[in-house]
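Source file: final_28.cif (mmCIF, N, CA and C atoms)
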```cif
data_input
#
loop_
_atom_site.label_atom_id
_atom_site.label_comp_id
_atom_site.auth_asym_id
_atom_site.auth_seq_id
_atom_site.Cartn_x
_atom_site.Cartn_y
_atom_site.Cartn_z
N MET A 945 0.81 -1.21 0.00
CA MET A 945 0.00 0.00 0.00
C MET A 945 0.85 1.26 0.00
N ALA A 946 1.97 1.21 0.66
CA ALA A 946 2.83 2.39 0.69
C ALA A 946 4.17 2.13 0.04
N THR A 947 4.38 0.89 -0.35
CA THR A 947 5.63 0.51 -1.00
C THR A 947 5.48 0.70 -2.50
N ALA A 948 6.55 1.04 -3.13
CA ALA A 948 6.52 1.21 -4.59
C ALA A 948 6.19 -0.11 -5.27
N SER A 949 5.73 0.01 -6.49
CA SER A 949 5.58 -1.13 -7.38
C SER A 949 6.55 -0.93 -8.52
N TYR A 950 6.89 -1.99 -9.17
CA TYR A 950 7.82 -1.90 -10.29
C TYR A 950 7.22 -2.53 -11.54
N LEU A 951 7.44 -1.88 -12.64
CA LEU A 951 7.18 -2.48 -13.94
C LEU A 951 8.52 -3.09 -14.35
N VAL A 952 8.53 -4.39 -14.62
CA VAL A 952 9.78 -5.08 -14.94
C VAL A 952 9.68 -5.80 -16.27
N GLU A 953 10.84 -6.07 -16.82
CA GLU A 953 10.92 -6.87 -18.04
C GLU A 953 11.59 -8.19 -17.69
N GLY A 954 10.93 -9.28 -18.04
CA GLY A 954 11.48 -10.60 -17.75
C GLY A 954 12.68 -10.90 -18.63
N ARG A 955 13.61 -11.66 -18.09
CA ARG A 955 14.80 -12.05 -18.84
C ARG A 955 14.64 -13.43 -19.49
N GLY A 956 13.48 -14.07 -19.25
CA GLY A 956 13.18 -15.33 -19.92
C GLY A 956 13.98 -16.52 -19.45
N ASP A 957 14.38 -16.53 -18.18
CA ASP A 957 15.17 -17.64 -17.66
C ASP A 957 14.33 -18.91 -17.63
N ALA A 958 14.70 -19.89 -18.44
CA ALA A 958 13.95 -21.14 -18.54
C ALA A 958 13.94 -21.92 -17.22
N ARG A 959 15.02 -21.79 -16.44
CA ARG A 959 15.07 -22.49 -15.15
C ARG A 959 14.01 -22.00 -14.18
N ALA A 960 13.54 -20.78 -14.39
CA ALA A 960 12.50 -20.19 -13.54
C ALA A 960 11.16 -20.18 -14.27
N TYR A 961 11.04 -21.00 -15.32
CA TYR A 961 9.82 -21.06 -16.13
C TYR A 961 9.44 -19.69 -16.69
N ALA A 962 10.48 -18.90 -17.01
CA ALA A 962 10.31 -17.55 -17.55
C ALA A 962 9.41 -16.70 -16.65
N SER A 963 9.56 -16.85 -15.34
CA SER A 963 8.71 -16.15 -14.38
C SER A 963 9.56 -15.48 -13.30
N CYS A 964 8.90 -14.78 -12.41
CA CYS A 964 9.55 -14.16 -11.26
C CYS A 964 8.50 -13.98 -10.17
N SER A 965 8.92 -13.50 -9.00
CA SER A 965 7.96 -13.26 -7.94
C SER A 965 7.00 -12.16 -8.37
N HIS A 966 5.79 -12.22 -7.85
CA HIS A 966 4.79 -11.21 -8.20
C HIS A 966 4.53 -10.27 -7.04
N GLY A 967 5.36 -10.32 -6.04
CA GLY A 967 5.23 -9.42 -4.89
C GLY A 967 6.35 -9.69 -3.91
N ALA A 968 6.39 -8.92 -2.85
CA ALA A 968 7.47 -9.06 -1.88
C ALA A 968 7.30 -10.28 -0.99
N GLY A 969 6.08 -10.66 -0.69
CA GLY A 969 5.82 -11.76 0.24
C GLY A 969 5.71 -11.24 1.66
N ARG A 970 4.95 -11.93 2.44
CA ARG A 970 4.67 -11.50 3.82
C ARG A 970 5.78 -11.92 4.77
N THR A 971 5.99 -11.10 5.80
CA THR A 971 6.83 -11.48 6.93
C THR A 971 5.96 -11.78 8.13
N LEU A 972 4.73 -11.24 8.14
CA LEU A 972 3.77 -11.48 9.21
C LEU A 972 2.49 -12.04 8.60
N THR A 973 1.88 -12.99 9.29
CA THR A 973 0.56 -13.45 8.85
C THR A 973 -0.43 -12.31 9.08
N ARG A 974 -1.62 -12.43 8.53
CA ARG A 974 -2.64 -11.39 8.75
C ARG A 974 -2.94 -11.25 10.24
N GLN A 975 -3.06 -12.37 10.93
CA GLN A 975 -3.34 -12.32 12.36
C GLN A 975 -2.19 -11.66 13.13
N GLN A 976 -0.96 -12.00 12.81
CA GLN A 976 0.19 -11.38 13.46
C GLN A 976 0.22 -9.88 13.19
N ALA A 977 -0.07 -9.48 11.96
CA ALA A 977 -0.07 -8.06 11.61
C ALA A 977 -1.10 -7.30 12.43
N ARG A 978 -2.30 -7.85 12.56
CA ARG A 978 -3.35 -7.19 13.35
C ARG A 978 -2.93 -7.06 14.82
N ALA A 979 -2.19 -8.06 15.31
CA ALA A 979 -1.78 -8.06 16.72
C ALA A 979 -0.56 -7.17 16.97
N GLN A 980 0.33 -7.06 16.00
CA GLN A 980 1.61 -6.38 16.23
C GLN A 980 1.70 -4.97 15.68
N ILE A 981 0.94 -4.66 14.64
CA ILE A 981 1.03 -3.33 14.02
C ILE A 981 -0.08 -2.45 14.58
N THR A 982 0.30 -1.31 15.11
CA THR A 982 -0.68 -0.39 15.70
C THR A 982 -1.22 0.56 14.63
N LEU A 983 -2.30 1.24 14.98
CA LEU A 983 -2.82 2.26 14.06
C LEU A 983 -1.79 3.36 13.82
N GLY A 984 -1.03 3.70 14.86
CA GLY A 984 0.04 4.69 14.71
C GLY A 984 1.10 4.21 13.72
N ASP A 985 1.46 2.92 13.81
CA ASP A 985 2.42 2.35 12.86
C ASP A 985 1.88 2.46 11.44
N LEU A 986 0.62 2.07 11.26
CA LEU A 986 0.00 2.12 9.93
C LEU A 986 0.02 3.54 9.38
N ARG A 987 -0.35 4.50 10.21
CA ARG A 987 -0.38 5.91 9.76
C ARG A 987 1.01 6.37 9.34
N ARG A 988 2.03 5.99 10.11
CA ARG A 988 3.41 6.38 9.75
C ARG A 988 3.84 5.69 8.45
N GLN A 989 3.47 4.42 8.29
CA GLN A 989 3.87 3.68 7.09
C GLN A 989 3.18 4.20 5.84
N LEU A 990 1.94 4.66 5.97
CA LEU A 990 1.21 5.15 4.80
C LEU A 990 1.52 6.62 4.49
N ARG A 991 2.02 7.35 5.46
CA ARG A 991 2.40 8.75 5.31
C ARG A 991 1.53 9.54 4.33
N GLU A 992 1.97 9.70 3.11
CA GLU A 992 1.30 10.57 2.14
C GLU A 992 0.27 9.84 1.28
N VAL A 993 0.07 8.56 1.51
CA VAL A 993 -0.89 7.79 0.73
C VAL A 993 -2.30 8.07 1.27
N VAL A 994 -3.22 8.38 0.39
CA VAL A 994 -4.60 8.66 0.78
C VAL A 994 -5.36 7.34 0.89
N TYR A 995 -6.12 7.20 1.95
CA TYR A 995 -6.94 6.00 2.16
C TYR A 995 -8.15 6.37 3.02
N PRO A 996 -9.24 5.60 2.94
CA PRO A 996 -10.42 5.89 3.75
C PRO A 996 -10.15 5.59 5.22
N LEU A 997 -10.26 6.57 6.08
CA LEU A 997 -9.98 6.39 7.50
C LEU A 997 -10.87 5.32 8.13
N ARG A 998 -12.07 5.14 7.61
CA ARG A 998 -12.99 4.15 8.17
C ARG A 998 -12.46 2.72 7.99
N LEU A 999 -11.47 2.54 7.13
CA LEU A 999 -10.92 1.21 6.87
C LEU A 999 -9.61 0.93 7.61
N GLU A 1000 -9.18 1.86 8.47
CA GLU A 1000 -7.87 1.71 9.12
C GLU A 1000 -7.69 0.34 9.80
N ARG A 1001 -8.63 -0.07 10.59
CA ARG A 1001 -8.49 -1.35 11.31
C ARG A 1001 -8.38 -2.52 10.34
N THR A 1002 -9.14 -2.46 9.25
CA THR A 1002 -9.09 -3.51 8.24
C THR A 1002 -7.74 -3.51 7.53
N LEU A 1003 -7.17 -2.32 7.31
CA LEU A 1003 -5.91 -2.20 6.59
C LEU A 1003 -4.70 -2.68 7.39
N LEU A 1004 -4.85 -2.84 8.71
CA LEU A 1004 -3.72 -3.29 9.53
C LEU A 1004 -3.10 -4.57 9.00
N GLU A 1005 -3.92 -5.51 8.56
CA GLU A 1005 -3.38 -6.80 8.11
C GLU A 1005 -2.62 -6.69 6.80
N GLU A 1006 -2.80 -5.60 6.07
CA GLU A 1006 -2.09 -5.38 4.82
C GLU A 1006 -1.05 -4.27 4.94
N ALA A 1007 -0.74 -3.86 6.15
CA ALA A 1007 0.22 -2.77 6.38
C ALA A 1007 1.56 -3.10 5.73
N PRO A 1008 2.25 -2.09 5.24
CA PRO A 1008 3.56 -2.31 4.63
C PRO A 1008 4.52 -3.09 5.53
N GLY A 1009 4.42 -2.90 6.84
CA GLY A 1009 5.30 -3.58 7.78
C GLY A 1009 5.08 -5.08 7.85
N ALA A 1010 4.01 -5.58 7.24
CA ALA A 1010 3.71 -7.01 7.24
C ALA A 1010 4.39 -7.72 6.07
N TYR A 1011 5.10 -6.96 5.25
CA TYR A 1011 5.70 -7.52 4.03
C TYR A 1011 7.22 -7.37 4.02
N LYS A 1012 7.88 -8.19 3.23
CA LYS A 1012 9.32 -8.09 3.03
C LYS A 1012 9.65 -6.80 2.31
N ASP A 1013 10.90 -6.40 2.37
CA ASP A 1013 11.36 -5.21 1.67
C ASP A 1013 11.39 -5.49 0.17
N LEU A 1014 10.56 -4.79 -0.58
CA LEU A 1014 10.42 -5.05 -2.02
C LEU A 1014 11.71 -4.77 -2.78
N ASP A 1015 12.43 -3.73 -2.41
CA ASP A 1015 13.67 -3.42 -3.11
C ASP A 1015 14.69 -4.55 -2.95
N ARG A 1016 14.75 -5.13 -1.76
CA ARG A 1016 15.66 -6.26 -1.53
C ARG A 1016 15.23 -7.47 -2.37
N VAL A 1017 13.93 -7.76 -2.37
CA VAL A 1017 13.42 -8.88 -3.17
C VAL A 1017 13.77 -8.68 -4.63
N LEU A 1018 13.62 -7.46 -5.12
CA LEU A 1018 13.93 -7.17 -6.52
C LEU A 1018 15.43 -7.34 -6.80
N ARG A 1019 16.27 -6.87 -5.88
CA ARG A 1019 17.72 -7.04 -6.05
C ARG A 1019 18.11 -8.51 -6.10
N GLU A 1020 17.38 -9.35 -5.37
CA GLU A 1020 17.71 -10.77 -5.32
C GLU A 1020 17.24 -11.54 -6.54
N GLN A 1021 16.55 -10.90 -7.46
CA GLN A 1021 16.12 -11.60 -8.68
C GLN A 1021 16.54 -10.86 -9.94
N THR A 1022 17.70 -10.25 -9.89
CA THR A 1022 18.21 -9.54 -11.06
C THR A 1022 18.48 -10.48 -12.23
N ASP A 1023 18.65 -11.77 -11.95
CA ASP A 1023 18.84 -12.73 -13.03
C ASP A 1023 17.51 -13.06 -13.72
N LEU A 1024 16.38 -12.66 -13.10
CA LEU A 1024 15.06 -12.96 -13.65
C LEU A 1024 14.39 -11.77 -14.31
N VAL A 1025 14.64 -10.57 -13.77
CA VAL A 1025 13.95 -9.37 -14.30
C VAL A 1025 14.87 -8.17 -14.35
N ARG A 1026 14.49 -7.24 -15.20
CA ARG A 1026 15.16 -5.94 -15.29
C ARG A 1026 14.10 -4.88 -14.99
N PRO A 1027 14.26 -4.10 -13.90
CA PRO A 1027 13.29 -3.05 -13.58
C PRO A 1027 13.27 -1.98 -14.67
N LEU A 1028 12.08 -1.61 -15.09
CA LEU A 1028 11.92 -0.56 -16.10
C LEU A 1028 11.40 0.74 -15.49
N LYS A 1029 10.47 0.62 -14.56
CA LYS A 1029 9.84 1.82 -13.99
C LYS A 1029 9.40 1.56 -12.56
N ARG A 1030 9.67 2.51 -11.68
CA ARG A 1030 9.22 2.46 -10.27
C ARG A 1030 7.95 3.30 -10.17
N LEU A 1031 6.91 2.73 -9.58
CA LEU A 1031 5.63 3.42 -9.44
C LEU A 1031 5.36 3.67 -7.95
N ARG A 1032 5.02 4.90 -7.61
CA ARG A 1032 4.76 5.27 -6.23
C ARG A 1032 3.26 5.30 -5.97
N PRO A 1033 2.80 4.63 -4.91
CA PRO A 1033 1.36 4.63 -4.63
C PRO A 1033 0.88 6.00 -4.14
N LEU A 1034 -0.32 6.35 -4.55
CA LEU A 1034 -0.92 7.61 -4.15
C LEU A 1034 -2.20 7.41 -3.33
N LEU A 1035 -2.88 6.28 -3.57
CA LEU A 1035 -4.22 6.09 -3.04
C LEU A 1035 -4.49 4.62 -2.78
N VAL A 1036 -5.18 4.32 -1.68
CA VAL A 1036 -5.62 2.95 -1.37
C VAL A 1036 -7.13 2.98 -1.26
N LEU A 1037 -7.78 2.10 -1.99
CA LEU A 1037 -9.25 2.01 -1.92
C LEU A 1037 -9.67 0.62 -1.53
#
```
Rendering of file as structure tokens:
Amino acid sequence: MATASYLVEGRGDARAYASCSHGAGRTLTRQQARAQITLGDLRRQLREVVYPLRLERTLLEEAPGAYKDLDRVLREQTDLVRPLKRLRPLLVL
């Protein structure tokens, strides 16, 4: 929600079935995220991203802190993809 997304070009590695990861992957389960991430944490993580305040409690389980660092994940698959464009989130609905 607050982490960038990337448009990437695949390198066609046959050993990886010409594929790559489609996201960073979770470090916390949804239940763990709800228990460990506070509303204050969520607000700090979303900073400038616009989202409906009425959904804050629901958004806890999808908070950026519940996921791996996307830039690190991308660096670890340079043999699979070439980043073309970094996209910054503006809004969560």
Could you list, as a list in words, every residue within 7 Å of Arg978 in chain A, counting only N, CA and C atoms and ignoring same-chain residues fewer than 4 positions away?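 Residues meeting the cut-off are Thr973, Arg974, Thr982, Leu1004, Glu1005 and Glu1006 of chain A.
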Residue IDs satisfying the PyMOL selection byres (((chain A and resi 947 and name CA) around 10) and name CA), as a short mmCIF file (atom, residue, chain, number, x, y, z; two decimals) with N, CA and C atoms, in the coordinates of the input:
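Generated output (out-v5.cif):
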```cif
data_model
loop_
_atom_site.label_atom_id
_atom_site.label_comp_id
_atom_site.auth_asym_id
_atom_site.auth_seq_id
_atom_site.Cartn_x
_atom_site.Cartn_y
_atom_site.Cartn_z
N MET A 945 0.81 -1.21 0.00
CA MET A 945 0.00 0.00 0.00
C MET A 945 0.85 1.26 0.00
N ALA A 946 1.97 1.21 0.66
CA ALA A 946 2.83 2.39 0.69
C ALA A 946 4.17 2.13 0.04
N ALA A 948 6.55 1.04 -3.13
CA ALA A 948 6.52 1.21 -4.59
C ALA A 948 6.19 -0.11 -5.27
N SER A 949 5.73 0.01 -6.49
CA SER A 949 5.58 -1.13 -7.38
C SER A 949 6.55 -0.93 -8.52
N TYR A 950 6.89 -1.99 -9.17
CA TYR A 950 7.82 -1.90 -10.29
C TYR A 950 7.22 -2.53 -11.54
N ALA A 968 6.39 -8.92 -2.85
CA ALA A 968 7.47 -9.06 -1.88
C ALA A 968 7.30 -10.28 -0.99
N GLN A 989 3.47 4.42 8.29
CA GLN A 989 3.87 3.68 7.09
C GLN A 989 3.18 4.20 5.84
N LEU A 990 1.94 4.66 5.97
CA LEU A 990 1.21 5.15 4.80
C LEU A 990 1.52 6.62 4.49
N VAL A 993 0.07 8.56 1.51
CA VAL A 993 -0.89 7.79 0.73
C VAL A 993 -2.30 8.07 1.27
N ALA A 1007 -0.74 -3.86 6.15
CA ALA A 1007 0.22 -2.77 6.38
C ALA A 1007 1.56 -3.10 5.73
N PRO A 1008 2.25 -2.09 5.24
CA PRO A 1008 3.56 -2.31 4.63
C PRO A 1008 4.52 -3.09 5.53
N GLY A 1009 4.42 -2.90 6.84
CA GLY A 1009 5.30 -3.58 7.78
C GLY A 1009 5.08 -5.08 7.85
N TYR A 1011 5.10 -6.96 5.25
CA TYR A 1011 5.70 -7.52 4.03
C TYR A 1011 7.22 -7.37 4.02
N ASP A 1013 10.90 -6.40 2.37
CA ASP A 1013 11.36 -5.21 1.67
C ASP A 1013 11.39 -5.49 0.17
N LEU A 1014 10.56 -4.79 -0.58
CA LEU A 1014 10.42 -5.05 -2.02
C LEU A 1014 11.71 -4.77 -2.78
N ASP A 1015 12.43 -3.73 -2.41
CA ASP A 1015 13.67 -3.42 -3.11
C ASP A 1015 14.69 -4.55 -2.95
N LEU A 1031 6.91 2.73 -9.58
CA LEU A 1031 5.63 3.42 -9.44
C LEU A 1031 5.36 3.67 -7.95
N ARG A 1032 5.02 4.90 -7.61
CA ARG A 1032 4.76 5.27 -6.23
C ARG A 1032 3.26 5.30 -5.97
N PRO A 1033 2.80 4.63 -4.91
CA PRO A 1033 1.36 4.63 -4.63
C PRO A 1033 0.88 6.00 -4.14
#
```
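The nearest approach to Ser965 in chain A among the residues A:Ala977, A:Leu1024, A:Leu983, A:Leu1034, with all atoms listed in the file taken into account, belongs to A:Leu1024.
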Neighbours of Lys1012 in chain A within 6 Å (all atoms listed in the file; same-chain residues fewer than 5 positions away dropped), as a PyMOL selection string? chain A and resi 968-971
Kindly give the distance, in Å, that separates CA of Tyr961 in chain A and CA of Arg1016 in chain A, rounded to a single decimal.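 Computing it gives 21.6 Å between the two atoms.
Those residues in chain A carrying a DSSP assignment of strand (DSSP E or B), computed from the backbone, are A:Ser949, A:Tyr950, A:Leu951, A:Val952, A:Glu953, A:Gly954, A:Arg970, A:Val994, A:Tyr1011, A:Val1025, A:Arg1026, A:Pro1027, A:Leu1028, A:Lys1029, A:Arg1030, A:Leu1031, A:Leu1035.
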Atom C of Arg988 in chain A to atom C of Glu1020 in chain A measures 26.5 Å
What does the distance from CA of Arg955 in chain A to CA of Val1025 in chain A come to in Å, to one decimal? 5.3 Å
Taking only C-alpha atoms into account, which of A:Asp985, A:Glu953, A:Glu992, A:Glu1000 comes nearest Pro1027 in chain A? A:Glu953
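Using only C-alpha atoms, the shortest contact distance between Leu1003 in chain A and any of A:Leu1037, A:Arg1026, A:Leu1018, A:Arg991 is found at A:Leu1037.
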Saved range 947-990 of chain A from the preceding structure, C-alpha atoms, as a compact mmCIF listing (two decimals), in the first residue's frame:
```
# COMPACT_ATOMS: atom_id res chain seq x y z
CA THR A 947 5.63 0.51 -1.00
CA ALA A 948 6.52 1.21 -4.59
CA SER A 949 5.58 -1.13 -7.38
CA TYR A 950 7.82 -1.90 -10.29
CA LEU A 951 7.18 -2.48 -13.94
CA VAL A 952 9.78 -5.08 -14.94
CA GLU A 953 10.92 -6.87 -18.04
CA GLY A 954 11.48 -10.60 -17.75
CA ARG A 955 14.80 -12.05 -18.84
CA GLY A 956 13.18 -15.33 -19.92
CA ASP A 957 15.17 -17.64 -17.66
CA ALA A 958 13.95 -21.14 -18.54
CA ARG A 959 15.07 -22.49 -15.15
CA ALA A 960 12.50 -20.19 -13.54
CA TYR A 961 9.82 -21.06 -16.13
CA ALA A 962 10.31 -17.55 -17.55
CA SER A 963 8.71 -16.15 -14.38
CA CYS A 964 9.55 -14.16 -11.26
CA SER A 965 7.96 -13.26 -7.94
CA HIS A 966 4.79 -11.21 -8.20
CA GLY A 967 5.23 -9.42 -4.89
CA ALA A 968 7.47 -9.06 -1.88
CA GLY A 969 5.82 -11.76 0.24
CA ARG A 970 4.67 -11.50 3.82
CA THR A 971 6.83 -11.48 6.93
CA LEU A 972 3.77 -11.48 9.21
CA THR A 973 0.56 -13.45 8.85
CA ARG A 974 -2.64 -11.39 8.75
CA GLN A 975 -3.34 -12.32 12.36
CA GLN A 976 0.19 -11.38 13.46
CA ALA A 977 -0.07 -8.06 11.61
CA ARG A 978 -3.35 -7.19 13.35
CA ALA A 979 -1.78 -8.06 16.72
CA GLN A 980 1.61 -6.38 16.23
CA ILE A 981 1.03 -3.33 14.02
CA THR A 982 -0.68 -0.39 15.70
CA LEU A 983 -2.82 2.26 14.06
CA GLY A 984 0.04 4.69 14.71
CA ASP A 985 2.42 2.35 12.86
CA LEU A 986 0.00 2.12 9.93
CA ARG A 987 -0.38 5.91 9.76
CA ARG A 988 3.41 6.38 9.75
CA GLN A 989 3.87 3.68 7.09
CA LEU A 990 1.21 5.15 4.80
```
